[in-house]
file coords.csv (CSV, C-alpha atoms)
chain,number,residue,atom,x,y,z
A,1,MET,CA,-31.0,-54.5,-57.4
A,2,ALA,CA,-32.1,-51.1,-56.2
A,3,SER,CA,-35.5,-49.8,-55.2
A,4,TRP,CA,-37.2,-47.2,-57.3
A,5,THR,CA,-39.7,-45.2,-55.2
A,6,VAL,CA,-42.2,-42.8,-56.6
A,7,SER,CA,-41.8,-40.2,-53.9
A,8,TYR,CA,-43.7,-36.9,-53.7
A,9,GLY,CA,-46.3,-35.4,-51.4
A,10,GLY,CA,-46.0,-38.4,-49.0
A,11,LEU,CA,-46.4,-41.0,-51.8
A,12,MET,CA,-44.1,-44.0,-51.2
A,13,ARG,CA,-44.9,-46.9,-53.4
A,14,GLY,CA,-41.8,-48.9,-54.4
A,15,PHE,CA,-40.9,-50.6,-57.6
A,16,GLU,CA,-37.5,-52.4,-58.2
A,17,VAL,CA,-34.9,-51.1,-60.6
A,18,ASN,CA,-32.2,-53.3,-62.1
A,19,ALA,CA,-29.4,-52.0,-64.3
A,20,GLY,CA,-31.3,-48.7,-64.9
A,21,GLN,CA,-34.6,-50.4,-65.8
A,22,LEU,CA,-37.9,-50.4,-63.9
A,23,CYS,CA,-38.9,-53.9,-63.0
A,24,LEU,CA,-42.4,-55.4,-62.2
A,25,GLY,CA,-42.5,-58.8,-60.5
A,26,GLY,CA,-38.7,-59.0,-61.1
A,27,VAL,CA,-39.1,-58.6,-64.9
A,28,PRO,CA,-37.2,-55.7,-66.5
A,29,LEU,CA,-39.4,-53.2,-68.4
A,30,SER,CA,-37.9,-53.9,-71.9
A,31,ARG,CA,-38.5,-57.7,-71.4
A,32,LEU,CA,-42.0,-57.0,-70.2
A,33,ALA,CA,-42.7,-55.0,-73.4
A,34,GLU,CA,-41.5,-58.0,-75.4
A,35,ARG,CA,-43.8,-60.3,-73.3
A,36,ALA,CA,-46.7,-58.0,-73.9
A,37,GLY,CA,-46.0,-58.2,-77.6
A,38,GLN,CA,-46.6,-54.5,-78.2
A,39,THR,CA,-46.7,-51.1,-76.7
A,40,PRO,CA,-48.8,-49.5,-75.3
A,41,PHE,CA,-49.7,-51.8,-72.4
A,42,PHE,CA,-50.9,-51.7,-68.8
A,43,ALA,CA,-49.2,-53.9,-66.2
A,44,ILE,CA,-50.2,-54.6,-62.6
A,45,GLU,CA,-47.8,-56.1,-60.1
A,46,ARG,CA,-49.2,-58.9,-57.9
A,47,LEU,CA,-46.6,-58.1,-55.2
A,48,SER,CA,-47.9,-54.5,-54.9
A,49,LEU,CA,-51.5,-55.7,-54.9
A,50,ALA,CA,-50.7,-58.2,-52.1
A,51,ARG,CA,-49.0,-55.5,-50.0
A,52,ARG,CA,-52.0,-53.2,-50.3
A,53,VAL,CA,-54.6,-55.9,-49.5
A,54,GLU,CA,-52.5,-56.7,-46.4
A,55,GLU,CA,-52.3,-53.0,-45.4
A,56,VAL,CA,-56.1,-52.7,-45.6
A,57,ARG,CA,-56.7,-55.9,-43.7
A,58,GLY,CA,-54.5,-54.5,-41.0
A,59,VAL,CA,-56.8,-51.6,-40.3
A,60,LEU,CA,-60.2,-53.3,-40.6
A,61,PRO,CA,-61.8,-54.6,-37.5
A,62,PRO,CA,-63.4,-58.2,-37.7
A,63,VAL,CA,-66.9,-56.9,-38.3
A,64,PHE,CA,-65.7,-55.2,-41.6
A,65,HIS,CA,-65.8,-57.0,-44.9
A,66,LEU,CA,-63.5,-55.9,-47.7
A,67,HIS,CA,-65.1,-55.7,-51.1
A,68,TYR,CA,-63.5,-54.8,-54.5
A,69,ALA,CA,-65.3,-52.3,-56.7
A,70,VAL,CA,-65.0,-53.9,-60.1
A,71,LYS,CA,-65.5,-50.6,-62.0
A,72,ALA,CA,-62.0,-49.6,-60.9
A,73,ASN,CA,-60.5,-52.3,-63.1
A,74,PRO,CA,-62.4,-55.3,-64.5
A,75,MET,CA,-59.5,-57.1,-66.1
A,76,PRO,CA,-60.4,-60.8,-65.8
A,77,ALA,CA,-57.0,-61.9,-64.5
A,78,LEU,CA,-57.1,-59.3,-61.8
A,79,LEU,CA,-60.6,-60.3,-60.7
A,80,SER,CA,-59.5,-63.9,-60.5
A,81,TRP,CA,-56.5,-63.0,-58.4
A,82,LEU,CA,-58.6,-60.8,-56.1
A,83,ALA,CA,-61.6,-63.2,-55.8
A,84,SER,CA,-59.9,-65.3,-53.1
A,85,ARG,CA,-58.3,-62.3,-51.3
A,86,VAL,CA,-61.3,-60.1,-50.7
A,87,ASP,CA,-64.6,-60.8,-49.1
A,88,GLY,CA,-66.8,-59.8,-52.0
A,89,MET,CA,-67.2,-57.7,-55.1
A,90,ASP,CA,-69.4,-54.8,-56.1
A,91,VAL,CA,-70.5,-54.4,-59.7
A,92,ALA,CA,-72.3,-51.8,-61.7
A,93,SER,CA,-73.5,-53.6,-64.8
A,94,ALA,CA,-74.6,-57.1,-66.0
A,95,ALA,CA,-71.2,-57.5,-67.8
A,96,GLU,CA,-69.3,-56.8,-64.5
A,97,LEU,CA,-71.6,-59.2,-62.7
A,98,THR,CA,-70.8,-61.9,-65.2
A,99,ALA,CA,-67.1,-61.1,-64.9
A,100,ALA,CA,-67.2,-61.3,-61.1
A,101,LEU,CA,-69.0,-64.6,-61.1
A,102,ASN,CA,-66.6,-66.0,-63.8
A,103,ALA,CA,-63.7,-65.0,-61.6
A,104,GLY,CA,-65.0,-67.1,-58.7
A,105,GLY,CA,-66.9,-64.4,-56.8
A,106,ALA,CA,-69.5,-66.0,-54.5
A,107,PRO,CA,-73.0,-64.7,-55.4
A,108,GLN,CA,-73.9,-64.1,-51.8
A,109,SER,CA,-70.9,-61.8,-51.6
A,110,ILE,CA,-71.6,-59.7,-54.7
A,111,SER,CA,-73.7,-56.5,-54.7
A,112,PHE,CA,-75.0,-54.7,-57.8
A,113,ALA,CA,-75.4,-50.9,-57.7
A,114,GLY,CA,-76.0,-48.2,-60.3
A,115,PRO,CA,-78.9,-46.2,-61.7
A,116,ALA,CA,-81.0,-47.2,-64.8
A,117,LYS,CA,-80.6,-51.0,-64.3
A,118,ARG,CA,-82.4,-52.6,-67.2
A,119,ASP,CA,-85.0,-55.3,-66.6
A,120,ALA,CA,-82.7,-57.9,-68.1
A,121,GLU,CA,-80.0,-56.9,-65.7
A,122,LEU,CA,-82.5,-57.1,-62.8
A,123,ARG,CA,-83.5,-60.6,-63.9
A,124,GLN,CA,-79.9,-61.7,-64.2
A,125,ALA,CA,-79.1,-60.4,-60.7
A,126,VAL,CA,-82.1,-61.9,-59.1
A,127,ALA,CA,-81.4,-65.3,-60.8
A,128,ALA,CA,-77.8,-65.1,-59.6
A,129,GLY,CA,-78.8,-64.4,-56.0
A,130,VAL,CA,-76.7,-61.3,-55.6
A,131,LEU,CA,-77.6,-58.3,-53.5
A,132,LEU,CA,-79.3,-55.4,-55.4
A,133,HIS,CA,-78.6,-51.9,-54.2
A,134,VAL,CA,-81.8,-50.1,-55.1
A,135,GLU,CA,-81.5,-46.6,-56.5
A,136,SER,CA,-85.2,-45.5,-56.7
A,137,LEU,CA,-88.7,-46.3,-55.8
A,138,ALA,CA,-89.5,-47.2,-59.4
A,139,GLU,CA,-86.5,-49.6,-59.5
A,140,LEU,CA,-87.8,-51.3,-56.3
A,141,ASN,CA,-91.2,-51.8,-57.9
A,142,ARG,CA,-89.6,-53.3,-61.0
A,143,ILE,CA,-87.6,-55.7,-58.8
A,144,ILE,CA,-90.8,-56.9,-57.1
A,145,VAL,CA,-92.2,-57.7,-60.6
A,146,VAL,CA,-89.1,-59.6,-61.6
A,147,SER,CA,-89.0,-61.5,-58.4
A,148,GLU,CA,-92.6,-62.6,-58.8
A,149,GLN,CA,-92.0,-63.6,-62.4
A,150,LEU,CA,-89.0,-65.7,-61.5
A,151,HIS,CA,-90.4,-67.0,-58.2
A,152,ILE,CA,-87.1,-66.0,-56.5
A,153,ARG,CA,-87.0,-63.6,-53.6
A,154,ALA,CA,-84.7,-60.8,-54.5
A,155,ARG,CA,-82.1,-59.7,-52.0
A,156,VAL,CA,-82.3,-55.9,-51.7
A,157,GLY,CA,-80.5,-53.1,-49.9
A,158,LEU,CA,-81.5,-49.4,-50.2
A,159,ARG,CA,-78.9,-47.1,-51.6
A,160,VAL,CA,-79.4,-43.8,-49.8
A,161,ASN,CA,-78.2,-40.5,-51.2
A,162,PRO,CA,-76.7,-38.8,-48.1
A,163,ASP,CA,-77.8,-35.2,-47.3
A,164,VAL,CA,-74.2,-34.0,-46.9
A,165,GLU,CA,-71.7,-34.0,-49.7
A,166,LEU,CA,-67.9,-34.6,-49.2
A,167,ARG,CA,-66.4,-31.3,-50.3
A,168,THR,CA,-62.9,-32.7,-50.3
A,169,ALA,CA,-63.8,-35.6,-52.4
A,170,GLY,CA,-62.3,-35.9,-55.9
A,171,MET,CA,-65.8,-36.9,-57.2
A,172,ARG,CA,-68.9,-36.2,-55.1
A,173,MET,CA,-71.5,-38.9,-55.1
A,174,GLY,CA,-73.8,-37.4,-52.4
A,175,GLY,CA,-75.7,-34.2,-51.6
A,176,ALA,CA,-78.6,-32.5,-53.2
A,177,GLY,CA,-80.0,-33.6,-56.6
A,178,GLN,CA,-78.1,-36.8,-57.4
A,179,VAL,CA,-79.0,-39.5,-59.8
A,180,PHE,CA,-77.6,-42.0,-57.3
A,181,GLY,CA,-79.7,-43.5,-54.6
A,182,LEU,CA,-82.9,-42.7,-52.8
A,183,ASP,CA,-83.3,-39.3,-51.2
A,184,ALA,CA,-83.8,-39.5,-47.4
A,185,ALA,CA,-87.4,-38.4,-47.8
A,186,ASP,CA,-88.2,-41.5,-49.9
A,187,VAL,CA,-86.6,-44.0,-47.5
A,188,PRO,CA,-89.7,-44.6,-45.3
A,189,GLU,CA,-91.8,-45.5,-48.4
A,190,ALA,CA,-89.0,-47.7,-49.7
A,191,LEU,CA,-88.8,-49.5,-46.4
A,192,THR,CA,-92.6,-50.2,-46.6
A,193,LEU,CA,-92.1,-51.6,-50.1
A,194,ALA,CA,-89.1,-53.6,-49.0
A,195,ALA,CA,-91.4,-55.6,-46.7
A,196,HIS,CA,-93.1,-57.2,-49.8
A,197,PRO,CA,-93.0,-61.0,-49.6
A,198,ALA,CA,-91.1,-61.2,-52.9
A,199,LEU,CA,-88.1,-59.4,-51.4
A,200,LEU,CA,-85.5,-60.1,-48.8
A,201,PHE,CA,-84.5,-56.8,-47.2
A,202,GLU,CA,-80.8,-56.8,-46.1
A,203,GLY,CA,-79.8,-53.3,-45.3
A,204,PHE,CA,-78.3,-50.1,-46.7
A,205,HIS,CA,-75.6,-48.7,-49.0
A,206,VAL,CA,-74.4,-45.1,-48.6
A,207,TYR,CA,-71.6,-43.6,-50.6
A,208,ALA,CA,-70.8,-39.9,-50.4
A,209,GLY,CA,-67.7,-39.5,-52.6
A,210,SER,CA,-64.5,-40.8,-54.0
A,211,GLN,CA,-60.8,-40.0,-54.0
A,212,VAL,CA,-60.7,-38.7,-50.4
A,213,LEU,CA,-57.2,-38.4,-48.8
A,214,GLN,CA,-58.2,-37.2,-45.3
A,215,ALA,CA,-58.9,-40.0,-42.8
A,216,GLU,CA,-61.0,-37.7,-40.6
A,217,VAL,CA,-63.3,-36.8,-43.5
A,218,LEU,CA,-63.9,-40.5,-44.3
A,219,LEU,CA,-64.6,-41.4,-40.7
A,220,GLN,CA,-66.9,-38.4,-40.1
A,221,ALA,CA,-68.9,-39.4,-43.2
A,222,MET,CA,-69.3,-42.9,-41.8
A,223,HIS,CA,-70.6,-41.6,-38.4
A,224,ARG,CA,-73.0,-39.2,-40.2
A,225,THR,CA,-74.2,-42.2,-42.2
A,226,LEU,CA,-74.9,-44.2,-39.1
A,227,ASP,CA,-76.7,-41.3,-37.5
A,228,MET,CA,-78.9,-41.1,-40.6
A,229,LEU,CA,-79.7,-44.8,-40.7
A,230,LYS,CA,-80.5,-45.0,-36.9
A,231,ALA,CA,-83.5,-42.7,-37.5
A,232,TRP,CA,-85.1,-45.4,-39.6
A,233,GLN,CA,-84.6,-48.2,-37.1
A,234,PRO,CA,-88.3,-48.4,-36.1
A,235,MET,CA,-89.4,-48.8,-39.8
A,236,LEU,CA,-87.1,-51.7,-40.8
A,237,PRO,CA,-89.0,-54.7,-42.3
A,238,ALA,CA,-86.2,-57.0,-41.1
A,239,PRO,CA,-82.9,-56.7,-39.2
A,240,VAL,CA,-80.1,-55.1,-41.0
A,241,ARG,CA,-77.6,-57.7,-42.2
A,242,SER,CA,-75.5,-55.5,-44.5
A,243,LEU,CA,-74.2,-52.0,-44.1
A,244,ASN,CA,-72.2,-50.9,-47.1
A,245,LEU,CA,-70.4,-47.7,-46.1
A,246,GLY,CA,-68.9,-47.3,-49.5
A,247,GLY,CA,-65.2,-46.5,-50.0
A,248,GLY,CA,-63.8,-43.3,-51.4
A,249,TRP,CA,-60.3,-44.0,-50.0
A,250,GLY,CA,-58.0,-42.0,-52.3
A,251,ILE,CA,-54.4,-42.3,-53.6
A,252,PRO,CA,-52.2,-39.3,-54.3
A,253,TYR,CA,-51.6,-38.5,-57.9
A,254,PHE,CA,-50.0,-35.0,-57.8
A,255,ALA,CA,-47.2,-33.3,-56.0
A,256,HIS,CA,-49.3,-31.4,-53.5
A,257,GLU,CA,-51.2,-34.5,-52.3
A,258,GLN,CA,-50.5,-36.5,-49.2
A,259,ALA,CA,-51.2,-40.2,-49.0
A,260,LEU,CA,-54.1,-41.4,-46.9
A,261,ASP,CA,-52.9,-42.0,-43.3
A,262,LEU,CA,-54.1,-45.5,-42.3
A,263,ALA,CA,-53.2,-45.1,-38.6
A,264,PRO,CA,-56.2,-42.9,-37.7
A,265,MET,CA,-58.4,-45.1,-40.0
A,266,ARG,CA,-57.5,-48.1,-37.8
A,267,THR,CA,-58.5,-46.3,-34.6
A,268,GLY,CA,-61.6,-44.7,-36.2
A,269,LEU,CA,-62.9,-47.9,-37.7
A,270,GLU,CA,-62.6,-49.7,-34.4
A,271,VAL,CA,-65.0,-47.1,-32.9
A,272,ILE,CA,-67.4,-47.5,-35.9
A,273,GLY,CA,-67.3,-51.2,-35.6
A,274,GLN,CA,-68.2,-51.1,-31.9
A,275,ARG,CA,-71.1,-48.7,-32.7
A,276,VAL,CA,-72.5,-51.0,-35.4
A,277,ALA,CA,-72.2,-54.0,-33.1
A,278,ARG,CA,-74.3,-52.2,-30.5
A,279,GLU,CA,-77.0,-50.8,-32.9
A,280,TRP,CA,-77.1,-53.4,-35.7
A,281,PRO,CA,-75.8,-56.6,-34.1
A,282,GLN,CA,-76.5,-58.8,-37.1
A,283,ALA,CA,-74.9,-56.5,-39.6
A,284,ARG,CA,-71.7,-57.0,-41.5
A,285,VAL,CA,-70.0,-53.7,-42.5
A,286,VAL,CA,-68.8,-53.5,-46.1
A,287,ILE,CA,-65.9,-51.2,-47.1
A,288,GLU,CA,-65.9,-51.1,-50.9
A,289,LEU,CA,-62.5,-50.2,-52.4
A,290,GLY,CA,-61.4,-50.0,-56.0
A,291,ARG,CA,-58.8,-47.4,-56.7
A,292,PHE,CA,-57.2,-47.8,-53.3
A,293,LEU,CA,-56.6,-51.5,-53.8
A,294,VAL,CA,-55.3,-51.5,-57.4
A,295,GLY,CA,-54.4,-47.9,-58.5
A,296,GLU,CA,-50.8,-47.7,-57.3
A,297,ALA,CA,-50.0,-51.3,-58.3
A,298,GLY,CA,-50.3,-50.5,-62.0
A,299,ILE,CA,-48.4,-48.7,-64.7
A,300,TYR,CA,-49.1,-47.7,-68.3
A,301,VAL,CA,-46.2,-48.0,-70.7
A,302,ALA,CA,-45.9,-46.4,-74.2
A,303,GLN,CA,-43.0,-46.2,-76.6
A,304,VAL,CA,-41.4,-42.9,-77.5
A,305,MET,CA,-41.8,-42.4,-81.3
A,306,GLU,CA,-40.1,-39.1,-81.6
A,307,ARG,CA,-38.4,-36.2,-79.8
A,308,LYS,CA,-39.7,-33.2,-81.6
A,309,VAL,CA,-38.8,-29.5,-81.1
A,310,SER,CA,-41.4,-27.0,-82.1
A,311,SER,CA,-40.9,-23.2,-81.4
A,312,GLY,CA,-38.4,-24.1,-78.8
A,313,ARG,CA,-40.7,-26.5,-76.9
A,314,VAL,CA,-39.6,-30.1,-76.7
A,315,HIS,CA,-42.4,-32.7,-77.4
A,316,VAL,CA,-41.9,-36.3,-76.5
A,317,VAL,CA,-44.4,-38.1,-78.8
A,318,ILE,CA,-45.5,-41.6,-77.7
A,319,ASP,CA,-47.6,-44.3,-79.3
A,320,GLY,CA,-50.2,-44.2,-76.5
A,321,GLY,CA,-52.5,-41.6,-75.2
A,322,MET,CA,-55.9,-40.6,-73.9
A,323,HIS,CA,-57.7,-43.3,-75.9
A,324,HIS,CA,-56.1,-45.8,-73.5
A,325,HIS,CA,-55.7,-43.7,-70.4
A,326,LEU,CA,-58.1,-40.8,-70.3
A,327,ALA,CA,-57.6,-40.1,-66.7
A,328,ALA,CA,-53.8,-39.5,-67.1
A,329,SER,CA,-54.6,-36.9,-69.8
A,330,GLY,CA,-56.7,-34.9,-67.4
A,331,ASN,CA,-59.9,-35.4,-69.4
A,332,LEU,CA,-61.7,-37.6,-66.9
A,333,GLY,CA,-63.1,-34.9,-64.6
A,334,GLN,CA,-60.0,-33.0,-63.5
A,335,VAL,CA,-60.7,-29.3,-63.0
A,336,LEU,CA,-57.0,-28.5,-63.2
A,337,ARG,CA,-55.0,-30.7,-65.6
A,338,ARG,CA,-51.8,-31.9,-63.8
A,339,PRO,CA,-49.5,-34.7,-65.0
A,340,TYR,CA,-49.5,-38.1,-63.3
A,341,PRO,CA,-46.0,-39.1,-62.2
A,342,MET,CA,-43.9,-40.4,-65.1
A,343,CYS,CA,-40.5,-41.6,-66.0
A,344,LEU,CA,-38.5,-43.2,-68.8
A,345,GLY,CA,-38.6,-46.7,-67.4
A,346,ASN,CA,-35.5,-47.8,-69.3
A,347,ARG,CA,-33.4,-44.7,-68.3
A,348,LEU,CA,-33.3,-44.8,-64.5
A,349,HIS,CA,-29.6,-44.5,-64.2
A,350,ALA,CA,-28.4,-41.9,-61.7
A,351,GLY,CA,-27.1,-38.6,-63.0
A,352,LEU,CA,-28.6,-38.5,-66.4
A,353,PRO,CA,-29.2,-34.9,-67.7
A,354,THR,CA,-32.9,-33.9,-67.8
A,355,GLU,CA,-35.1,-31.5,-69.7
A,356,ASP,CA,-38.7,-30.3,-69.3
A,357,VAL,CA,-40.9,-31.6,-72.1
A,358,THR,CA,-44.5,-32.0,-73.2
A,359,VAL,CA,-45.6,-35.6,-73.4
A,360,SER,CA,-48.1,-36.1,-76.2
A,361,GLY,CA,-49.9,-39.0,-77.8
A,362,PRO,CA,-50.7,-40.0,-81.4
A,363,LEU,CA,-54.3,-38.7,-81.6
A,364,CYS,CA,-55.2,-35.7,-83.8
A,365,THR,CA,-56.3,-33.5,-80.9
A,366,PRO,CA,-54.5,-31.2,-78.5
A,367,LEU,CA,-56.4,-33.0,-75.7
A,368,ASP,CA,-54.1,-36.0,-76.2
A,369,THR,CA,-51.4,-34.8,-73.8
A,370,PHE,CA,-50.1,-36.5,-70.6
A,371,GLY,CA,-48.4,-33.4,-69.3
A,372,GLN,CA,-46.5,-30.2,-69.9
A,373,ALA,CA,-43.2,-29.3,-68.2
A,374,VAL,CA,-42.6,-32.9,-67.3
A,375,THR,CA,-39.0,-33.4,-66.3
A,376,LEU,CA,-37.4,-36.5,-68.0
A,377,PRO,CA,-34.0,-37.6,-69.3
A,378,ARG,CA,-33.5,-36.7,-72.9
A,379,ALA,CA,-35.7,-39.2,-74.7
A,380,SER,CA,-35.0,-41.1,-77.9
A,381,PRO,CA,-37.2,-43.3,-80.2
A,382,GLY,CA,-37.7,-46.7,-78.6
A,383,ASP,CA,-37.5,-45.4,-75.0
A,384,LEU,CA,-40.3,-46.6,-72.8
A,385,LEU,CA,-42.4,-43.9,-71.0
A,386,VAL,CA,-44.1,-45.1,-67.8
A,387,VAL,CA,-47.1,-43.5,-66.3
A,388,PHE,CA,-47.5,-44.5,-62.6
A,389,GLN,CA,-50.8,-44.7,-60.6
A,390,SER,CA,-52.4,-46.5,-63.5
A,391,GLY,CA,-53.9,-49.6,-62.0
A,392,ALA,CA,-57.4,-48.1,-61.8
A,393,TYR,CA,-59.6,-46.3,-64.3
A,394,GLY,CA,-57.3,-47.0,-67.2
A,395,ALA,CA,-58.3,-49.0,-70.3
A,396,SER,CA,-62.0,-49.6,-69.3
A,397,ALA,CA,-62.5,-45.9,-68.5
A,398,SER,CA,-61.1,-44.6,-71.8
A,399,PRO,CA,-62.4,-44.0,-75.3
A,400,ALA,CA,-60.5,-46.9,-76.9
A,401,ALA,CA,-62.3,-46.7,-80.2
A,402,PHE,CA,-61.4,-43.0,-80.8
A,403,LEU,CA,-59.4,-42.7,-84.0
A,404,SER,CA,-59.2,-46.5,-84.2
A,405,HIS,CA,-55.7,-47.0,-82.9
A,406,PRO,CA,-54.9,-50.5,-81.5
A,407,ALA,CA,-56.1,-51.3,-78.0
A,408,ALA,CA,-53.6,-51.5,-75.1
A,409,VAL,CA,-52.6,-54.9,-73.8
A,410,GLU,CA,-53.2,-55.6,-70.1
A,411,LEU,CA,-50.9,-57.8,-68.0
A,412,LEU,CA,-50.9,-59.1,-64.5
A,413,VAL,CA,-47.3,-59.7,-63.5

call {"tool": "encode", "arguments": {"input": "coords.csv", "output": "structure tokens"}}
result
Amino acid sequence: MASWTVSYGGLMRGFEVNAGQLCLGGVPLSRLAERAGQTPFFAIERLSLARRVEEVRGVLPPVFHLHYAVKANPMPALLSWLASRVDGMDVASAAELTAALNAGGAPQSISFAGPAKRDAELRQAVAAGVLLHVESLAELNRIIVVSEQLHIRARVGLRVNPDVELRTAGMRMGGAGQVFGLDAADVPEALTLAAHPALLFEGFHVYAGSQVLQAEVLLQAMHRTLDMLKAWQPMLPAPVRSLNLGGGWGIPYFAHEQALDLAPMRTGLEVIGQRVAREWPQARVVIELGRFLVGEAGIYVAQVMERKVSSGRVHVVIDGGMHHHLAASGNLGQVLRRPYPMCLGNRLHAGLPTEDVTVSGPLCTPLDTFGQAVTLPRASPGDLLVVFQSGAYGASASPAAFLSHPAAVELLV
């Protein structure tokens, strides 16, 4: 059995190959498709997940707690697998909260962030005993009302919109004029409100951006966060017990990208941990990772329906597309549309002749394209096209109902 390695731009994530077929969890791709009962399907490999969790644990000092951001992939089987392997979960809706609790997540280790939380969601969160990350003064006042109605003290942390945005982030969550979190100018008033007897103030949540591949950028953002929080130390209604420094650790998708180097992360996090221990001795530091934990462990698999030549261009037409995997089509916020790494998972024999093709899905829109000038062996109907880097922001981040094609199956292998 050989090892198939997706290798470009520093990305080295291995999957096994046996007799020319990609394997997940020791299962050949064609057999996995039979097990799924259909194409298209998503599959996430437990072995790859375990390796990534172990890698992250290896760079986190003891004061750090590893949380999983459920929005990256809320598949129930995945949440159940992760529940005993991470220190907590972070959710962004009532449905995600229910899923995290059902998976075995401990309420005291679950936090709930996101703007426009409905009153029913606030009631659910307060009743469950999870930590609410407050996004506005108005939301904080509504939590006080809910807490008084339920006679339960709500656990709250203030989500602060950092003044500085991460310019290298794939998606910026901080800087001027954000819907997320409290502006720094509103924090003193929020801290005064957080002293209300109906509340239990626990700390802060600051998240500047996602999909960052430079360790120095992530570490600098954390230090700036601590600088900002230190200014409010005299105003705290209670000692800080939780400092959620977000995540944003990225994975490489494209040929020009380098994988995040964990060695400087280890050294830098040691320094941050020491600083927190000095300045907030009762605080646990939370690193909230989603994509970084699960993204590279997953694949999306669709069947080739036709090899079509139109005006000299070869189209490989598959039975899946943007309705299942919007991000891979480039329609989930990419400025420049580039293809995710792909292969024909049942044609990994050495020396096969290749051609450049356009990979297109079944939807009646030119947006339903996974890539142009993609180099693949000559495809035939029945071949299995694999899209790598598909463990995060796949099915749950895609318009599954568009044009009413069947949903993709999701497997944990």

call {"tool": "atom_distance", "arguments": {"input": "coords.csv", "atom1": "CA of Ser242 (chain A)", "atom2": "CA of Ser109 (chain A)"}}
result
10.5 Å

call {"tool": "closest_residue", "arguments": {"input": "coords.csv", "among": "A:Asn331, A:Gln372, A:Ser48, A:Asn161", "to": "Glu296 (chain A)", "atoms": "all atoms listed in the file"}}
result
A:Ser48

call {"tool": "residues_around", "arguments": {"input": "coords.csv", "residues": "Ala106 (chain A)", "least_positions_apart": "3", "cutoff": "10 Å", "atoms": "all atoms listed in the file", "output": "list of chain:residue names"}}
result
A:Ala83, A:Ser84, A:Asp87, A:Gly88, A:Met89, A:Ala100, A:Leu101, A:Asn102, A:Ala103, A:Ser109, A:Ile110, A:Ala128, A:Gly129, A:Val130

call {"tool": "write_last_selection", "arguments": {"input": "coords.csv", "atoms": "C-alpha atoms", "output": "PDB file, in the coordinates of the input"}}
result
ATOM      1  CA  ALA A  83     -61.600 -63.200 -55.800  1.00  0.00           C
ATOM      2  CA  SER A  84     -59.900 -65.300 -53.100  1.00  0.00           C
ATOM      3  CA  ASP A  87     -64.600 -60.800 -49.100  1.00  0.00           C
ATOM      4  CA  GLY A  88     -66.800 -59.800 -52.000  1.00  0.00           C
ATOM      5  CA  MET A  89     -67.200 -57.700 -55.100  1.00  0.00           C
ATOM      6  CA  ALA A 100     -67.200 -61.300 -61.100  1.00  0.00           C
ATOM      7  CA  LEU A 101     -69.000 -64.600 -61.100  1.00  0.00           C
ATOM      8  CA  ASN A 102     -66.600 -66.000 -63.800  1.00  0.00           C
ATOM      9  CA  ALA A 103     -63.700 -65.000 -61.600  1.00  0.00           C
ATOM     10  CA  SER A 109     -70.900 -61.800 -51.600  1.00  0.00           C
ATOM     11  CA  ILE A 110     -71.600 -59.700 -54.700  1.00  0.00           C
ATOM     12  CA  ALA A 128     -77.800 -65.100 -59.600  1.00  0.00           C
ATOM     13  CA  GLY A 129     -78.800 -64.400 -56.000  1.00  0.00           C
ATOM     14  CA  VAL A 130     -76.700 -61.300 -55.600  1.00  0.00           C
TER      15      VAL A 130
END

call {"tool": "residues_around", "arguments": {"input": "coords.csv", "residues": "Phe402 (chain A)", "least_positions_apart": "4", "cutoff": "12 Å", "atoms": "only C-alpha atoms", "output": "ChimeraX atom specification"}}
result
/A:321-326,362-365,368,398,406-407

call {"tool": "atom_distance", "arguments": {"input": "coords.csv", "atom1": "CA of Gly246 (chain A)", "atom2": "CA of Gln214 (chain A)"}}
result
15.3 Å

call {"tool": "atom_distance", "arguments": {"input": "coords.csv", "atom1": "CA of Pro341 (chain A)", "atom2": "CA of Val91 (chain A)"}}
result
29.0 Å

call {"tool": "residues_around", "arguments": {"input": "coords.csv", "residues": "Ala263 (chain A)", "least_positions_apart": "2", "cutoff": "10 Å", "atoms": "all atoms listed in the file", "output": "CSV table (one decimal) with C-alpha atoms, in the coordinates of the input"}}
result
chain,number,residue,atom,x,y,z
A,58,GLY,CA,-54.5,-54.5,-41.0
A,59,VAL,CA,-56.8,-51.6,-40.3
A,215,ALA,CA,-58.9,-40.0,-42.8
A,260,LEU,CA,-54.1,-41.4,-46.9
A,261,ASP,CA,-52.9,-42.0,-43.3
A,265,MET,CA,-58.4,-45.1,-40.0
A,266,ARG,CA,-57.5,-48.1,-37.8
A,267,THR,CA,-58.5,-46.3,-34.6
A,268,GLY,CA,-61.6,-44.7,-36.2

call {"tool": "closest_residue", "arguments": {"input": "coords.csv", "among": "A:Gly181, A:Gly345, A:Pro74, A:Gly320", "to": "Gly290 (chain A)", "atoms": "all atoms listed in the file"}}
result
A:Pro74

call {"tool": "residues_near_point", "arguments": {"input": "coords.csv", "point": "(-81.4, -58.2, -64.5)", "cutoff": "12 Å", "atoms": "all atoms listed in the file", "output": "VMD selection string"}}
result
chain A and resid 92 to 95 97 to 98 112 to 113 116 to 132 139 142 to 143 145 to 147 150 154

call {"tool": "closest_residue", "arguments": {"input": "coords.csv", "among": "A:Pro188, A:Pro252, A:Gly394, A:Gly382", "to": "Arg347 (chain A)", "atoms": "all atoms listed in the file"}}
result
A:Gly382

call {"tool": "residues_around", "arguments": {"input": "coords.csv", "residues": "Phe42 (chain A)", "least_positions_apart": "5", "cutoff": "10 Å", "atoms": "only C-alpha atoms", "output": "ChimeraX atom specification"}}
result
/A:33,36,298-302,324-325,386-387,390-391,394-395,408-412

call {"tool": "closest_residue", "arguments": {"input": "coords.csv", "among": "A:Leu158, A:Leu60, A:Gly114, A:Val317", "to": "Pro264 (chain A)", "atoms": "all atoms listed in the file"}}
result
A:Leu60
